[in-house]
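Q: Sharing start-v4.tsv (TSV, C-alpha atoms) below.
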chain	number	residue	atom	x	y	z
I	1	GLN	CA	6.81	5.86	-42.78
I	2	VAL	CA	8.01	2.36	-43.51
I	3	GLN	CA	7.12	-0.70	-41.47
I	4	LEU	CA	9.40	-3.72	-41.61
I	5	VAL	CA	8.32	-7.08	-40.19
I	6	GLU	CA	10.78	-9.97	-39.92
I	7	SER	CA	9.95	-13.64	-39.67
I	8	GLY	CA	11.66	-17.00	-39.92
I	9	GLY	CA	14.00	-17.08	-36.96
I	10	GLY	CA	14.36	-20.03	-34.64
I	11	LEU	CA	16.61	-22.74	-33.25
I	12	VAL	CA	18.77	-24.76	-35.64
I	13	GLN	CA	21.68	-27.14	-35.26
I	14	PRO	CA	25.14	-26.23	-36.53
I	15	GLY	CA	25.35	-26.90	-40.24
I	16	GLY	CA	21.64	-26.34	-40.69
I	17	SER	CA	19.71	-23.73	-42.63
I	18	LEU	CA	17.15	-21.01	-41.97
I	19	ARG	CA	15.37	-18.53	-44.19
I	20	LEU	CA	14.50	-15.09	-42.85
I	21	SER	CA	11.94	-12.84	-44.50
I	22	CYS	CA	11.32	-9.12	-44.16
I	23	ALA	CA	7.99	-7.73	-45.31
I	24	ALA	CA	7.98	-4.02	-46.11
I	25	SER	CA	4.96	-1.73	-46.06
I	26	LYS	CA	6.18	0.07	-49.19
I	27	ASN	CA	7.19	-1.10	-52.63
I	28	ILE	CA	10.75	-2.23	-52.04
I	29	PHE	CA	11.81	-0.98	-55.45
I	30	ILE	CA	11.53	2.61	-54.22
I	31	LEU	CA	13.46	1.86	-51.03
I	32	ASN	CA	16.63	1.62	-53.13
I	33	ARG	CA	18.54	-0.46	-50.62
I	34	MET	CA	17.52	-2.92	-47.92
I	35	GLY	CA	19.64	-4.98	-45.63
I	36	TRP	CA	20.00	-7.41	-42.78
I	37	PHE	CA	21.97	-6.66	-39.63
I	38	ARG	CA	22.52	-8.74	-36.53
I	39	GLN	CA	23.31	-8.07	-32.90
I	40	THR	CA	24.44	-10.09	-29.91
I	41	PRO	CA	24.35	-8.89	-26.29
I	42	GLY	CA	27.07	-6.40	-25.51
I	43	LYS	CA	28.08	-5.92	-29.12
I	44	ALA	CA	27.27	-3.35	-31.76
I	45	ARG	CA	24.80	-4.17	-34.50
I	46	GLU	CA	26.72	-5.43	-37.52
I	47	LEU	CA	25.96	-5.56	-41.22
I	48	VAL	CA	25.18	-9.01	-42.62
I	49	ALA	CA	24.04	-8.32	-46.19
I	50	THR	CA	22.44	-5.65	-48.36
I	51	ILE	CA	20.63	-5.58	-51.68
I	52	THR	CA	19.79	-2.64	-53.92
I	53	SER	CA	16.75	-2.15	-56.13
I	54	ALA	CA	19.05	-3.01	-59.04
I	55	GLY	CA	19.84	-6.35	-57.45
I	56	ASP	CA	23.40	-5.56	-56.39
I	57	THR	CA	24.37	-7.41	-53.23
I	58	ASN	CA	26.98	-6.99	-50.54
I	59	TYR	CA	27.94	-9.40	-47.75
I	60	ALA	CA	29.97	-9.38	-44.58
I	61	ASP	CA	33.10	-11.50	-44.97
I	62	SER	CA	31.91	-13.78	-42.19
I	63	VAL	CA	28.83	-14.89	-44.17
I	64	LYS	CA	30.09	-14.88	-47.77
I	65	GLY	CA	29.41	-18.18	-49.48
I	66	ARG	CA	26.90	-19.23	-46.80
I	67	PHE	CA	24.19	-16.55	-46.84
I	68	THR	CA	22.21	-15.25	-49.80
I	69	ILE	CA	20.07	-12.11	-49.81
I	70	SER	CA	17.28	-11.78	-52.35
I	71	SER	CA	14.23	-9.64	-53.00
I	72	ASP	CA	10.73	-10.32	-54.23
I	73	ASN	CA	9.29	-7.10	-55.61
I	74	ALA	CA	5.86	-8.62	-56.14
I	75	LYS	CA	5.58	-9.47	-52.44
I	76	ASN	CA	7.61	-6.50	-51.15
I	77	THR	CA	9.86	-8.85	-49.23
I	78	VAL	CA	13.59	-9.26	-48.77
I	79	ASN	CA	14.84	-12.68	-47.79
I	80	LEU	CA	18.02	-14.01	-46.22
I	81	GLN	CA	18.80	-17.65	-46.90
I	82	MET	CA	21.29	-18.84	-44.32
I	83	ASN	CA	23.11	-22.13	-44.91
I	84	SER	CA	25.92	-23.91	-43.08
I	85	LEU	CA	25.00	-22.06	-39.92
I	86	LYS	CA	27.56	-21.78	-37.13
I	87	PRO	CA	27.12	-21.09	-33.41
I	88	GLU	CA	28.67	-17.66	-33.97
I	89	ASP	CA	25.74	-16.79	-36.24
I	90	THR	CA	23.53	-16.76	-33.15
I	91	ALA	CA	22.04	-13.27	-32.86
I	92	VAL	CA	18.95	-11.16	-33.24
I	93	TYR	CA	18.59	-10.36	-36.93
I	94	TYR	CA	17.13	-7.02	-37.99
I	95	CYS	CA	15.81	-5.85	-41.32
I	96	HIS	CA	16.85	-2.31	-42.29
I	97	THR	CA	16.16	0.35	-44.85
I	98	PHE	CA	16.73	4.05	-45.37
I	99	TYR	CA	13.98	6.16	-46.92
I	100	GLN	CA	13.51	9.90	-47.32
I	101	GLY	CA	16.22	10.72	-44.83
I	102	ARG	CA	15.12	8.29	-42.13
I	103	THR	CA	16.41	4.94	-40.96
I	104	TYR	CA	13.94	2.14	-40.34
I	105	TRP	CA	14.38	-1.12	-38.44
I	106	GLY	CA	12.20	-4.13	-37.96
I	107	GLN	CA	11.53	-5.57	-34.51
I	108	GLY	CA	14.13	-8.32	-34.96
I	109	THR	CA	13.97	-12.09	-35.10
I	110	GLN	CA	16.08	-14.40	-32.94
I	111	VAL	CA	18.35	-16.99	-34.53
I	112	ILE	CA	19.98	-19.58	-32.26
I	113	VAL	CA	22.49	-22.04	-33.66
I	114	SER	CA	23.12	-24.74	-31.10
I	115	SER	CA	23.29	-28.50	-30.74
Translate the structure described by the file into structure tokens.
A:
Amino acid sequence: QVQLVESGGGLVQPGGSLRLSCAASKNIFILNRMGWFRQTPGKARELVATITSAGDTNYADSVKGRFTISSDNAKNTVNLQMNSLKPEDTAVYYCHTFYQGRTYWGQGTQVIVSS
């Protein structure tokens, strides 16, 4: 079992920044890969960014150059720094991992980008 708890969402103006955090109940080094997804009403959940235990990262084209994913092994957290936010970044953001054959999701945190 892995519990994932997100925090850091909120309301921000276009061009602003937010930092999301995901706290894992297990040492994130053994989780191999963690990621952030997002979902808006009526649409499928989409990948935002992933990071492996080796530190390799991957980003959706829509967020490259604006978002940065990072991990803190000492705190068992994965963070998503979001800069230059756009209204189209508005979504519920979910933390994700895959461990011992099972997929785990956090409860989600709402991000609203609006003036």
Q: What separation in Å, quoted to one decimal, exists between CA of Val113 in chain I and CA of Leu85 in chain I?
A: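 It comes out at 6.7 Å.
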Q: So which residues touch Asn83 in chain I within 12 Å, counting all atoms listed in the file, skipping near sequence neighbours fewer than 2 positions away, as a PDB file with C-alpha atoms, keeping the file's coordinate frame?
A:
ATOM      1  CA  VAL I  12      18.770 -24.760 -35.640  1.00  0.00           C
ATOM      2  CA  GLN I  13      21.680 -27.140 -35.260  1.00  0.00           C
ATOM      3  CA  PRO I  14      25.140 -26.230 -36.530  1.00  0.00           C
ATOM      4  CA  GLY I  15      25.350 -26.900 -40.240  1.00  0.00           C
ATOM      5  CA  GLY I  16      21.640 -26.340 -40.690  1.00  0.00           C
ATOM      6  CA  SER I  17      19.710 -23.730 -42.630  1.00  0.00           C
ATOM      7  CA  LEU I  18      17.150 -21.010 -41.970  1.00  0.00           C
ATOM      8  CA  ARG I  19      15.370 -18.530 -44.190  1.00  0.00           C
ATOM      9  CA  LEU I  20      14.500 -15.090 -42.850  1.00  0.00           C
ATOM     10  CA  VAL I  63      28.830 -14.890 -44.170  1.00  0.00           C
ATOM     11  CA  LYS I  64      30.090 -14.880 -47.770  1.00  0.00           C
ATOM     12  CA  GLY I  65      29.410 -18.180 -49.480  1.00  0.00           C
ATOM     13  CA  ARG I  66      26.900 -19.230 -46.800  1.00  0.00           C
ATOM     14  CA  PHE I  67      24.190 -16.550 -46.840  1.00  0.00           C
ATOM     15  CA  THR I  68      22.210 -15.250 -49.800  1.00  0.00           C
ATOM     16  CA  ILE I  69      20.070 -12.110 -49.810  1.00  0.00           C
ATOM     17  CA  LEU I  80      18.020 -14.010 -46.220  1.00  0.00           C
ATOM     18  CA  GLN I  81      18.800 -17.650 -46.900  1.00  0.00           C
ATOM     19  CA  LEU I  85      25.000 -22.060 -39.920  1.00  0.00           C
ATOM     20  CA  LYS I  86      27.560 -21.780 -37.130  1.00  0.00           C
ATOM     21  CA  ASP I  89      25.740 -16.790 -36.240  1.00  0.00           C
ATOM     22  CA  VAL I 113      22.490 -22.040 -33.660  1.00  0.00           C
TER      23      VAL I 113
END
Q: Using all atoms listed in the file for the distances, tell me which of I:Pro41, I:Gly106, I:Gly55, I:Gly8 is nearest to Thr90 in chain I.
A: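 Ranking I:Pro41, I:Gly106, I:Gly55, I:Gly8 by distance to Thr90 in chain I, first place goes to I:Pro41.
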Q: Suppose you want the space between CA of Arg33 in chain I and CA of Arg45 in chain I; what is it in Å?
A: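 Here the two named atoms are 17.7 Å from each other.
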Q: Show me, as a list in words, the residues that have an atom within 8 Å of Ser71 in chain I when counting only C-alpha atoms, minus same-chain residues fewer than 6 positions from it.
A: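 My list of contacting residues is Ile51, Gly55, Thr77, Val78 and Asn79 of chain I.
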Q: When distances are computed from all atoms listed in the file, which of I:Gln39, I:Ser7, I:Gln100, I:Thr57 shows the smallest separation from Ser21 in chain I?
A: I:Ser7
Q: Nearest to Leu4 in chain I among I:Ala54, I:Cys95, I:Met34, I:Val48, with distances taken over all atoms listed in the file: which residue is it?
A: I:Cys95
Q: For each of I:Thr103, I:Gln3, I:Gly35, I:Gly9, take the minimum atom-to-atom distance to Met82 in chain I, counting only C-alpha atoms, then give the residue where this is smallest.
A: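 Using only C-alpha atoms, the shortest distance to Met82 in chain I belongs to I:Gly9.
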Q: As an exercise, work out the distance from CA of Thr97 in chain I to CA of Cys22 in chain I in Å and give it to one decimal place.
A: 10.7 Å
Q: My list of candidates is I:Asp56, I:Tyr99, I:Ala91, I:Ser114. Which is closest to Lys43 in chain I when distances are computed with only C-alpha atoms?
A: I:Ala91
Q: If I only have part of range 44-55 of chain I, can you fill in all heavy atoms and write it as a PDB file, in the frame of the given file?
A:
ATOM      1  N   ALA I  44      27.960  -4.251 -30.843  1.00  0.00           N
ATOM      2  CA  ALA I  44      27.270  -3.350 -31.760  1.00  0.00           C
ATOM      3  C   ALA I  44      26.555  -4.141 -32.854  1.00  0.00           C
ATOM      4  O   ALA I  44      26.969  -5.261 -33.190  1.00  0.00           O
ATOM      5  CB  ALA I  44      28.281  -2.399 -32.391  1.00  0.00           C
ATOM      6  N   ARG I  45      25.517  -3.544 -33.383  1.00  0.00           N
ATOM      7  CA  ARG I  45      24.800  -4.170 -34.500  1.00  0.00           C
ATOM      8  C   ARG I  45      25.731  -4.177 -35.711  1.00  0.00           C
ATOM      9  O   ARG I  45      26.379  -3.165 -36.017  1.00  0.00           O
ATOM     10  CB  ARG I  45      23.537  -3.362 -34.794  1.00  0.00           C
ATOM     11  CG  ARG I  45      22.488  -4.096 -35.559  1.00  0.00           C
ATOM     12  CD  ARG I  45      21.169  -3.340 -35.527  1.00  0.00           C
ATOM     13  NE  ARG I  45      20.566  -3.366 -34.195  1.00  0.00           N
ATOM     14  CZ  ARG I  45      19.339  -2.908 -33.939  1.00  0.00           C
ATOM     15  NH1 ARG I  45      18.593  -2.400 -34.921  1.00  0.00           N
ATOM     16  NH2 ARG I  45      18.854  -2.949 -32.711  1.00  0.00           N
ATOM     17  N   GLU I  46      25.805  -5.310 -36.398  1.00  0.00           N
ATOM     18  CA  GLU I  46      26.720  -5.430 -37.520  1.00  0.00           C
ATOM     19  C   GLU I  46      25.983  -5.783 -38.807  1.00  0.00           C
ATOM     20  O   GLU I  46      24.976  -6.495 -38.793  1.00  0.00           O
ATOM     21  CB  GLU I  46      27.803  -6.483 -37.253  1.00  0.00           C
ATOM     22  CG  GLU I  46      27.293  -7.902 -37.107  1.00  0.00           C
ATOM     23  CD  GLU I  46      28.413  -8.927 -36.988  1.00  0.00           C
ATOM     24  OE1 GLU I  46      29.587  -8.544 -36.926  1.00  0.00           O
ATOM     25  OE2 GLU I  46      28.090 -10.130 -36.967  1.00  0.00           O
ATOM     26  N   LEU I  47      26.540  -5.290 -39.910  1.00  0.00           N
ATOM     27  CA  LEU I  47      25.960  -5.560 -41.220  1.00  0.00           C
ATOM     28  C   LEU I  47      26.146  -7.035 -41.581  1.00  0.00           C
ATOM     29  O   LEU I  47      27.223  -7.607 -41.383  1.00  0.00           O
ATOM     30  CB  LEU I  47      26.640  -4.697 -42.272  1.00  0.00           C
ATOM     31  CG  LEU I  47      26.270  -4.980 -43.726  1.00  0.00           C
ATOM     32  CD1 LEU I  47      24.860  -4.515 -44.014  1.00  0.00           C
ATOM     33  CD2 LEU I  47      27.259  -4.285 -44.673  1.00  0.00           C
ATOM     34  N   VAL I  48      25.093  -7.643 -42.121  1.00  0.00           N
ATOM     35  CA  VAL I  48      25.180  -9.010 -42.620  1.00  0.00           C
ATOM     36  C   VAL I  48      25.177  -9.000 -44.151  1.00  0.00           C
ATOM     37  O   VAL I  48      26.063  -9.564 -44.789  1.00  0.00           O
ATOM     38  CB  VAL I  48      24.006  -9.859 -42.099  1.00  0.00           C
ATOM     39  CG1 VAL I  48      24.051 -11.257 -42.717  1.00  0.00           C
ATOM     40  CG2 VAL I  48      24.040  -9.933 -40.582  1.00  0.00           C
ATOM     41  N   ALA I  49      24.157  -8.338 -44.729  1.00  0.00           N
ATOM     42  CA  ALA I  49      24.040  -8.320 -46.190  1.00  0.00           C
ATOM     43  C   ALA I  49      23.105  -7.193 -46.603  1.00  0.00           C
ATOM     44  O   ALA I  49      22.202  -6.816 -45.843  1.00  0.00           O
ATOM     45  CB  ALA I  49      23.506  -9.645 -46.716  1.00  0.00           C
ATOM     46  N   THR I  50      23.336  -6.661 -47.802  1.00  0.00           N
ATOM     47  CA  THR I  50      22.440  -5.650 -48.360  1.00  0.00           C
ATOM     48  C   THR I  50      22.133  -5.989 -49.814  1.00  0.00           C
ATOM     49  O   THR I  50      22.888  -6.723 -50.474  1.00  0.00           O
ATOM     50  CB  THR I  50      23.053  -4.237 -48.320  1.00  0.00           C
ATOM     51  OG1 THR I  50      24.243  -4.219 -49.119  1.00  0.00           O
ATOM     52  CG2 THR I  50      23.369  -3.804 -46.906  1.00  0.00           C
ATOM     53  N   ILE I  51      21.016  -5.420 -50.289  1.00  0.00           N
ATOM     54  CA  ILE I  51      20.630  -5.580 -51.680  1.00  0.00           C
ATOM     55  C   ILE I  51      20.007  -4.284 -52.151  1.00  0.00           C
ATOM     56  O   ILE I  51      19.247  -3.650 -51.419  1.00  0.00           O
ATOM     57  CB  ILE I  51      19.669  -6.775 -51.877  1.00  0.00           C
ATOM     58  CG1 ILE I  51      19.399  -7.019 -53.359  1.00  0.00           C
ATOM     59  CG2 ILE I  51      18.362  -6.569 -51.105  1.00  0.00           C
ATOM     60  CD1 ILE I  51      18.725  -8.362 -53.639  1.00  0.00           C
ATOM     61  N   THR I  52      20.362  -3.866 -53.369  1.00  0.00           N
ATOM     62  CA  THR I  52      19.790  -2.640 -53.920  1.00  0.00           C
ATOM     63  C   THR I  52      18.607  -2.990 -54.823  1.00  0.00           C
ATOM     64  O   THR I  52      18.383  -4.163 -55.167  1.00  0.00           O
ATOM     65  CB  THR I  52      20.830  -1.881 -54.752  1.00  0.00           C
ATOM     66  OG1 THR I  52      21.108  -2.626 -55.957  1.00  0.00           O
ATOM     67  CG2 THR I  52      22.114  -1.670 -53.964  1.00  0.00           C
ATOM     68  N   SER I  53      17.883  -1.947 -55.239  1.00  0.00           N
ATOM     69  CA  SER I  53      16.750  -2.150 -56.130  1.00  0.00           C
ATOM     70  C   SER I  53      17.205  -2.682 -57.492  1.00  0.00           C
ATOM     71  O   SER I  53      16.414  -3.276 -58.223  1.00  0.00           O
ATOM     72  CB  SER I  53      15.969  -0.860 -56.309  1.00  0.00           C
ATOM     73  OG  SER I  53      16.816   0.167 -56.780  1.00  0.00           O
ATOM     74  N   ALA I  54      18.495  -2.483 -57.796  1.00  0.00           N
ATOM     75  CA  ALA I  54      19.050  -3.010 -59.040  1.00  0.00           C
ATOM     76  C   ALA I  54      19.500  -4.457 -58.902  1.00  0.00           C
ATOM     77  O   ALA I  54      19.932  -5.066 -59.877  1.00  0.00           O
ATOM     78  CB  ALA I  54      20.224  -2.150 -59.500  1.00  0.00           C
ATOM     79  N   GLY I  55      19.444  -4.968 -57.678  1.00  0.00           N
ATOM     80  CA  GLY I  55      19.840  -6.350 -57.450  1.00  0.00           C
ATOM     81  C   GLY I  55      21.287  -6.540 -57.042  1.00  0.00           C
ATOM     82  O   GLY I  55      21.753  -7.675 -56.906  1.00  0.00           O
TER      83      GLY I  55
END
